[in-house]
file final_37.cif (mmCIF, C-alpha atoms)
data_input
#
loop_
_atom_site.label_atom_id
_atom_site.label_comp_id
_atom_site.auth_asym_id
_atom_site.auth_seq_id
_atom_site.Cartn_x
_atom_site.Cartn_y
_atom_site.Cartn_z
CA MET A 1 0.00 0.00 0.00
CA PRO A 2 1.57 3.33 -1.02
CA ASN A 3 1.98 6.17 1.42
CA PRO A 4 -0.50 8.84 0.18
CA THR A 5 0.33 11.47 2.75
CA ARG A 6 2.38 14.58 2.19
CA LYS A 7 5.84 15.23 3.57
CA LEU A 8 5.76 16.05 7.27
CA PRO A 9 6.39 19.73 8.08
CA VAL A 10 9.59 20.72 9.84
CA SER A 11 7.73 22.91 12.33
CA LEU A 12 4.10 22.86 13.46
CA LYS A 13 4.15 26.29 15.06
CA PRO A 14 0.76 27.88 14.24
CA VAL A 15 0.86 30.63 11.61
CA PRO A 16 -2.02 33.14 11.90
CA ARG A 17 -3.91 33.65 8.63
CA SER A 18 -6.55 36.25 7.82
CA ARG A 19 -10.13 35.30 7.00
CA LEU A 20 -9.57 36.59 3.47
CA ARG A 21 -6.60 34.32 2.94
CA LEU A 22 -8.45 31.32 4.39
CA ALA A 23 -11.44 31.98 2.11
CA ALA A 24 -9.20 32.40 -0.93
CA GLY A 25 -7.43 29.15 -0.12
CA ARG A 26 -10.70 27.24 0.23
CA THR A 27 -11.94 28.62 -3.10
CA TYR A 28 -8.74 27.67 -4.89
CA TYR A 29 -8.48 24.13 -3.53
CA THR A 30 -12.20 23.45 -3.93
CA GLY A 31 -12.03 24.53 -7.57
CA ARG A 32 -8.95 22.41 -8.16
CA ARG A 33 -10.77 19.36 -6.77
CA TYR A 34 -13.76 19.87 -9.07
CA ALA A 35 -11.35 20.07 -12.00
CA ALA A 36 -9.62 16.86 -10.90
CA TRP A 37 -12.96 15.05 -10.66
CA LEU A 38 -13.86 16.12 -14.18
CA LEU A 39 -10.51 16.00 -15.95
CA GLY A 40 -8.24 13.81 -13.83
CA GLY A 41 -8.86 10.61 -15.75
CA GLN A 42 -9.92 8.58 -12.71
CA LYS A 43 -12.79 6.15 -13.00
CA TYR A 44 -14.84 6.81 -9.87
CA ALA A 45 -17.08 4.27 -8.18
CA SER A 46 -20.76 5.10 -8.58
CA HIS A 47 -22.63 1.77 -8.63
CA ARG A 48 -24.66 0.95 -5.54
CA GLN A 49 -26.55 -2.19 -4.64
CA THR A 50 -28.73 -2.91 -1.64
CA GLU A 51 -27.95 -6.62 -1.47
CA PRO A 52 -24.66 -7.16 0.39
CA LEU A 53 -21.86 -9.04 -1.35
CA PRO A 54 -21.45 -12.55 0.11
CA HIS A 55 -18.16 -12.29 2.02
CA ARG A 56 -17.34 -9.97 4.92
CA ILE A 57 -13.72 -8.85 4.78
CA PHE A 58 -13.56 -6.56 7.82
CA ARG A 59 -16.07 -5.00 10.20
CA HIS A 60 -15.68 -2.21 12.77
CA GLY A 61 -17.76 0.14 14.89
CA THR A 62 -17.07 3.40 16.74
CA ILE A 63 -19.00 5.03 19.58
CA LEU A 64 -21.33 7.79 18.47
CA MET A 65 -21.63 9.87 21.65
CA ARG A 66 -18.49 10.87 23.54
CA ARG A 67 -18.33 13.39 26.34
CA LEU A 68 -15.63 15.84 25.35
CA ARG A 69 -14.41 18.65 27.54
CA ASP A 70 -15.94 22.05 26.68
CA VAL A 71 -18.01 20.58 23.82
CA ASP A 72 -21.79 21.07 23.81
CA MET A 73 -23.44 17.63 23.71
CA GLN A 74 -26.03 18.98 21.27
CA LEU A 75 -23.26 19.06 18.66
CA GLN A 76 -22.80 15.33 19.27
CA VAL A 77 -26.54 14.76 18.81
CA ASN A 78 -26.44 16.75 15.59
CA LYS A 79 -23.41 14.77 14.42
CA VAL A 80 -25.49 11.59 14.53
CA THR A 81 -28.07 13.26 12.26
CA ASN A 82 -25.33 14.19 9.79
CA LEU A 83 -23.85 10.69 9.86
CA ARG A 84 -27.23 9.15 9.08
CA ILE A 85 -27.62 11.35 5.98
CA ALA A 86 -24.08 10.58 4.77
CA ALA A 87 -24.56 6.85 5.42
CA GLU A 88 -27.54 6.83 3.07
CA ARG A 89 -25.26 8.00 0.24
CA LEU A 90 -22.39 5.66 1.08
CA ASP A 91 -24.10 2.42 2.05
CA GLY A 92 -23.85 -0.21 -0.69
CA ILE A 93 -21.36 1.61 -2.92
CA VAL A 94 -19.34 -0.92 -4.95
CA ILE A 95 -15.75 -0.34 -6.03
CA ARG A 96 -15.11 -2.41 -9.12
CA PRO A 97 -11.60 -3.39 -10.24
CA GLY A 98 -9.70 -0.32 -11.43
CA GLU A 99 -12.17 2.12 -9.87
CA THR A 100 -11.53 4.75 -7.20
CA PHE A 101 -13.86 5.61 -4.35
CA SER A 102 -14.01 9.31 -3.47
CA TYR A 103 -15.56 10.13 -0.11
CA TRP A 104 -16.76 13.60 -1.07
CA LYS A 105 -17.74 12.79 -4.66
CA THR A 106 -20.01 10.06 -3.28
CA ILE A 107 -21.53 12.10 -0.43
CA GLY A 108 -21.71 15.49 -2.15
CA ARG A 109 -21.61 18.88 -0.46
CA PRO A 110 -23.22 18.83 3.02
CA SER A 111 -25.91 21.51 3.04
CA ARG A 112 -28.97 22.47 5.05
CA ARG A 113 -31.11 21.82 1.99
CA LYS A 114 -30.10 18.15 2.23
CA GLY A 115 -30.95 18.06 5.95
CA TYR A 116 -27.49 18.52 7.45
CA VAL A 117 -27.34 20.43 10.73
CA ASP A 118 -24.62 22.12 12.79
CA GLY A 119 -22.12 19.67 14.26
CA MET A 120 -18.62 19.96 15.68
CA VAL A 121 -15.94 20.94 13.19
CA LEU A 122 -12.26 20.88 14.12
CA HIS A 123 -10.71 24.19 13.16
CA TYR A 124 -7.02 25.07 13.51
CA GLY A 125 -6.53 23.29 16.79
CA GLY A 126 -9.92 24.16 18.24
CA PHE A 127 -13.49 23.45 17.30
CA LYS A 128 -16.53 25.30 16.09
CA SER A 129 -20.03 24.46 14.86
CA GLY A 130 -20.58 24.02 11.15
CA THR A 131 -23.10 22.52 8.75
CA GLY A 132 -22.37 18.82 8.35
CA GLY A 133 -19.97 18.75 11.28
CA GLY A 134 -18.93 15.34 12.56
CA LEU A 135 -18.46 13.57 9.22
CA CYS A 136 -14.79 12.95 10.06
CA GLN A 137 -16.00 10.06 12.19
CA MET A 138 -17.20 8.38 9.00
CA SER A 139 -13.96 9.00 7.08
CA ASN A 140 -11.96 7.78 10.10
CA LEU A 141 -13.98 4.56 10.15
CA ILE A 142 -13.63 3.93 6.41
CA TYR A 143 -9.88 4.56 6.48
CA TRP A 144 -9.33 2.21 9.42
CA MET A 145 -11.37 -0.56 7.78
CA THR A 146 -9.57 -0.11 4.47
CA LEU A 147 -6.20 -0.75 6.13
CA HIS A 148 -7.49 -4.27 6.80
CA THR A 149 -8.15 -5.03 3.12
CA PRO A 150 -6.15 -5.27 -0.14
CA LEU A 151 -7.66 -1.95 -1.25
CA GLU A 152 -5.18 0.94 -1.64
CA VAL A 153 -5.60 4.33 0.03
CA SER A 154 -4.64 6.70 -2.77
CA GLU A 155 -5.44 9.90 -0.84
CA ARG A 156 -5.67 10.48 2.89
CA HIS A 157 -5.05 13.56 5.03
CA ARG A 158 -3.75 13.29 8.58
CA HIS A 159 -5.04 15.40 11.44
CA SER A 160 -2.64 18.30 11.98
CA TYR A 161 -3.81 18.86 15.56
CA ASP A 162 -4.25 16.49 18.48
CA VAL A 163 -7.19 18.28 20.08
CA PHE A 164 -8.41 15.97 22.85
CA PRO A 165 -6.51 13.67 25.26
CA ASP A 166 -6.85 9.93 24.69
CA SER A 167 -10.04 8.56 26.17
CA ASN A 168 -10.44 4.78 25.99
CA ARG A 169 -8.44 4.76 22.77
CA THR A 170 -8.54 1.36 21.03
CA GLN A 171 -6.67 2.32 17.85
CA PRO A 172 -3.18 3.79 17.43
CA PHE A 173 -2.86 7.56 17.46
CA GLY A 174 -3.07 8.93 13.91
CA SER A 175 -5.05 6.06 12.43
CA GLY A 176 -7.86 8.27 11.15
CA ALA A 177 -8.43 10.47 8.11
CA THR A 178 -9.60 14.06 8.38
CA CYS A 179 -11.97 15.46 5.77
CA SER A 180 -13.24 18.85 4.62
CA TYR A 181 -15.44 19.38 1.58
CA ASN A 182 -14.13 18.85 -0.94
CA TYR A 183 -10.40 19.42 -0.99
CA LEU A 184 -9.50 17.14 1.95
CA ASP A 185 -10.80 13.91 0.46
CA LEU A 186 -10.40 10.22 1.22
CA GLN A 187 -9.84 8.18 -1.94
CA ILE A 188 -9.52 4.40 -2.20
CA PHE A 189 -8.40 2.47 -5.28
CA ASN A 190 -9.32 -1.13 -6.05
CA PRO A 191 -6.24 -2.88 -7.54
CA THR A 192 -7.76 -6.37 -7.21
CA GLU A 193 -9.77 -8.49 -9.63
CA HIS A 194 -12.85 -8.48 -7.38
CA ASP A 195 -15.67 -6.10 -6.51
CA TYR A 196 -15.60 -4.59 -3.01
CA GLN A 197 -18.66 -3.13 -1.32
CA LEU A 198 -18.81 -0.55 1.47
CA CYS A 199 -21.67 -1.03 3.94
CA VAL A 200 -22.25 1.57 6.67
CA SER A 201 -25.06 2.24 9.10
CA VAL A 202 -25.82 4.28 12.21
CA GLY A 203 -26.98 2.17 15.13
CA GLU A 204 -28.25 3.13 18.56
CA GLU A 205 -24.79 3.55 20.06
CA GLN A 206 -22.28 2.98 17.28
CA LEU A 207 -21.38 3.96 13.74
CA LEU A 208 -20.99 0.59 12.01
CA GLY A 209 -19.18 -0.32 8.83
CA GLU A 210 -17.79 -3.20 6.87
CA TRP A 211 -16.07 -4.03 3.62
CA ARG A 212 -17.57 -6.94 1.73
CA CYS A 213 -16.37 -8.78 -1.36
CA VAL A 214 -17.46 -11.34 -3.95
CA SER A 215 -14.50 -13.50 -2.85
CA PRO A 216 -13.38 -14.49 0.67
CA ALA A 217 -10.33 -12.86 2.22
CA ILE A 218 -6.99 -14.59 1.73
CA HIS A 219 -4.92 -12.54 4.16
CA THR A 220 -5.58 -10.83 7.47
CA TYR A 221 -3.95 -7.58 8.57
CA GLU A 222 -2.57 -6.22 11.83
CA ILE A 223 -2.18 -2.46 12.24
CA TYR A 224 0.27 -1.24 14.88
CA GLU A 225 2.37 1.77 15.79
CA GLU A 226 6.02 2.33 16.59
CA ASP A 227 8.25 5.28 17.52
CA HIS A 228 5.42 6.96 19.42
CA ARG A 229 6.65 10.06 21.25
CA MET A 230 5.63 13.46 22.58
CA THR A 231 8.19 16.27 22.46
CA GLN A 232 8.28 19.94 23.34
CA GLU A 233 9.19 22.35 20.54
CA TYR A 234 11.62 25.23 20.92
CA TRP A 235 8.71 27.70 20.89
CA GLY A 236 6.92 25.95 23.77
CA GLY A 237 4.29 23.80 22.09
CA TYR A 238 4.09 20.00 22.26
CA VAL A 239 4.14 17.70 19.24
CA ARG A 240 3.00 14.09 19.05
CA GLU A 241 4.47 11.69 16.50
CA ASN A 242 4.32 8.04 15.52
CA VAL A 243 4.64 5.62 12.64
CA ILE A 244 1.73 3.39 11.58
CA ARG A 245 2.72 0.00 10.19
CA ARG A 246 0.82 -2.98 8.81
CA ARG A 247 1.52 -6.70 8.89
CA MET A 248 -0.08 -8.91 6.26
CA ILE A 249 -0.64 -12.42 7.58
CA ALA A 250 -1.20 -15.49 5.42
CA PRO A 251 -3.33 -18.50 6.40
CA GLY A 252 -1.44 -20.39 9.07
CA GLY A 253 -0.11 -17.24 10.72
CA LYS A 254 2.96 -16.50 8.58
CA VAL A 255 3.76 -12.78 8.16
CA VAL A 256 4.25 -12.24 4.43
CA ASP A 257 4.60 -8.45 4.49
CA ASP A 258 5.34 -5.77 7.08
CA ARG A 259 5.51 -2.19 5.90
CA GLU A 260 5.12 1.43 6.93
CA ILE A 261 1.72 2.92 6.12
CA THR A 262 2.17 6.52 7.24
CA ARG A 263 3.95 8.87 9.61
CA ASN A 264 1.93 11.21 11.81
CA ARG A 265 2.96 14.50 13.35
CA ALA A 266 0.39 16.65 15.14
CA LEU A 267 0.43 19.73 17.34
CA MET A 268 -0.99 18.89 20.77
CA MET A 269 -3.66 21.27 22.05
CA TYR A 270 -3.41 20.07 25.66
CA THR A 271 -0.58 19.56 28.15
CA PRO A 272 0.63 15.98 27.66
CA PHE A 273 2.58 15.51 30.88
CA LEU A 274 0.34 15.96 33.90
CA SER A 275 1.69 15.54 37.41
CA PRO A 276 0.18 12.75 39.56
CA GLY A 277 -3.25 13.72 40.78
CA ALA A 278 -3.58 16.68 38.42
CA GLU A 279 -7.07 17.41 37.17
CA GLU A 280 -8.10 18.20 33.62
#

call {"tool": "encode", "arguments": {"input": "final_37.cif", "output": "structure tokens"}}
result
Amino acid sequence: MPNPTRKLPVSLKPVPRSRLRLAAGRTYYTGRRYAAWLLGGQKYASHRQTEPLPHRIFRHGTILMRRLRDVDMQLQVNKVTNLRIAAERLDGIVIRPGETFSYWKTIGRPSRRKGYVDGMVLHYGGFKSGTGGGLCQMSNLIYWMTLHTPLEVSERHRHSYDVFPDSNRTQPFGSGATCSYNYLDLQIFNPTEHDYQLCVSVGEEQLLGEWRCVSPAIHTYEIYEEDHRMTQEYWGGYVRENVIRRRMIAPGGKVVDDREITRNRALMMYTPFLSPGAEE
């Protein structure tokens, strides 16, 4: 699996930017994405079917409602609404051999006209409310599941900020994929000879997803991290880093491949080293 992420920056010290510059940047990168969709030569997945393909390749679920410090729980409630709308567009999408799945091309622009409401949006190390907020949970889920399949992640964007301390973390730090319409996309290419189907749904307590296929899985995959560290920068901020790797395991337990997937480097927005007994 190729490493689709960009070169890590030398310094993560925040650089203030004006609203005008931010708006101009969004306009430029959004326009460039539309052009790539139209003229880039990719064959994008568009076929959907309601009947699931016969073989489950990998399944995962993530908790919908988390209590986060200083975050209004109503934004979490609204996030669930947004995830349900997005799931309706994504559920059943089939990636045929040679096709590419685009997260945003499949979902479309989140808008109030489509029923999206204000959810939590991460914004330059903090958070704010925004229409369609919370859809990163879906892209995180899809990315994590894809790492357990032969599908190739051709585009993924890491989170530049580590906003909240770990709370019952079950996956390595940096194993998600941030998204922002439409220039921060998640794209997945099917290099195999078989159809793969994405199935997602919103349950009572969890966002659920699975990859299915017309053929059973040959290999299993183990995702793990190494070189995890937290360091203080010369200007006072803290940075968190690690390397995500993947083992491919053949029937019988033999490791047939072990490679680096990506390197993560994020600016921490909380103090990482608390003294014993310190409160949040």

call {"tool": "resolve_selection", "arguments": {"input": "final_37.cif", "expression": "the PyMOL selection byres ((chain A and resi 249-264) around 6)", "output": "list in words"}}
result
Asn3, Gly174, His219, Thr220, Tyr221, Glu241, Asn242, Val243, Ile244, Arg245, Arg246, Arg247, Met248 and Arg265 of chain A

call {"tool": "atom_distance", "arguments": {"input": "final_37.cif", "atom1": "CA of Leu38 in chain A", "atom2": "CA of Ser154 in chain A"}}
result
17.4 Å

call {"tool": "resolve_selection", "arguments": {"input": "final_37.cif", "expression": "the PyMOL selection byres ((chain A and resi 149) around 10)", "output": "PyMOL selection string"}}
result
chain A and resi 57-58+144-148+150-152+196+211-212+217-221+248

call {"tool": "closest_residue", "arguments": {"input": "final_37.cif", "among": "A:Cys179, A:Ala35, A:Ile93, A:Leu267", "to": "Tyr161 in chain A", "atoms": "only C-alpha atoms"}}
result
A:Leu267

call {"tool": "closest_residue", "arguments": {"input": "final_37.cif", "among": "A:Leu53, A:Met120, A:Val77, A:Ala24", "to": "Glu204 in chain A", "atoms": "all atoms listed in the file"}}
result
A:Val77

call {"tool": "residues_around", "arguments": {"input": "final_37.cif", "residues": "Gln49 in chain A", "least_positions_apart": "2", "cutoff": "9 Å", "atoms": "all atoms listed in the file", "output": "VMD selection string"}}
result
chain A and resid 47 51 to 53 91 to 94 197

call {"tool": "closest_residue", "arguments": {"input": "final_37.cif", "among": "A:Ile142, A:Val214, A:Leu207, A:Val202", "to": "Asp185 in chain A", "atoms": "all atoms listed in the file"}}
result
A:Ile142

call {"tool": "closest_residue", "arguments": {"input": "final_37.cif", "among": "A:Leu90, A:Cys136, A:Val163, A:Ala266", "to": "Thr62 in chain A", "atoms": "only C-alpha atoms"}}
result
A:Cys136

call {"tool": "atom_distance", "arguments": {"input": "final_37.cif", "atom1": "CA of Gln232 in chain A", "atom2": "CA of Asp162 in chain A"}}
result
13.9 Å

call {"tool": "closest_residue", "arguments": {"input": "final_37.cif", "among": "A:Val80, A:Gly41, A:Gln74, A:His60", "to": "Glu205 in chain A", "atoms": "all atoms listed in the file"}}
result
A:Val80

call {"tool": "residues_near_point", "arguments": {"input": "final_37.cif", "point": "(-19.7, 4.2, -12.9)", "cutoff": "12 Å", "atoms": "only C-alpha atoms", "output": "ChimeraX atom specification"}}
result
/A:42-48,93-101,106

call {"tool": "residues_around", "arguments": {"input": "final_37.cif", "residues": "Ala87 in chain A", "least_positions_apart": "5", "cutoff": "12 Å", "atoms": "all atoms listed in the file", "output": "PyMOL selection string"}}
result
chain A and resi 80-82+92-93+103+106-108+135+137-139+141-142+198-203+207-209

call {"tool": "atom_distance", "arguments": {"input": "final_37.cif", "atom1": "CA of Ser180 in chain A", "atom2": "CA of Asp227 in chain A"}}
result
28.5 Å

call {"tool": "closest_residue", "arguments": {"input": "final_37.cif", "among": "A:Leu122, A:Arg89, A:Thr131, A:Gly237", "to": "His159 in chain A", "atoms": "all atoms listed in the file"}}
result
A:Leu122

call {"tool": "residues_around", "arguments": {"input": "final_37.cif", "residues": "Gln76 in chain A", "least_positions_apart": "6", "cutoff": "10 Å", "atoms": "all atoms listed in the file", "output": "list in words"}}
result
Leu64, Met65, Arg66, Arg67, Leu68, Asn82, Asp118, Gly119, Met120, Gly133 and Gly134 of chain A
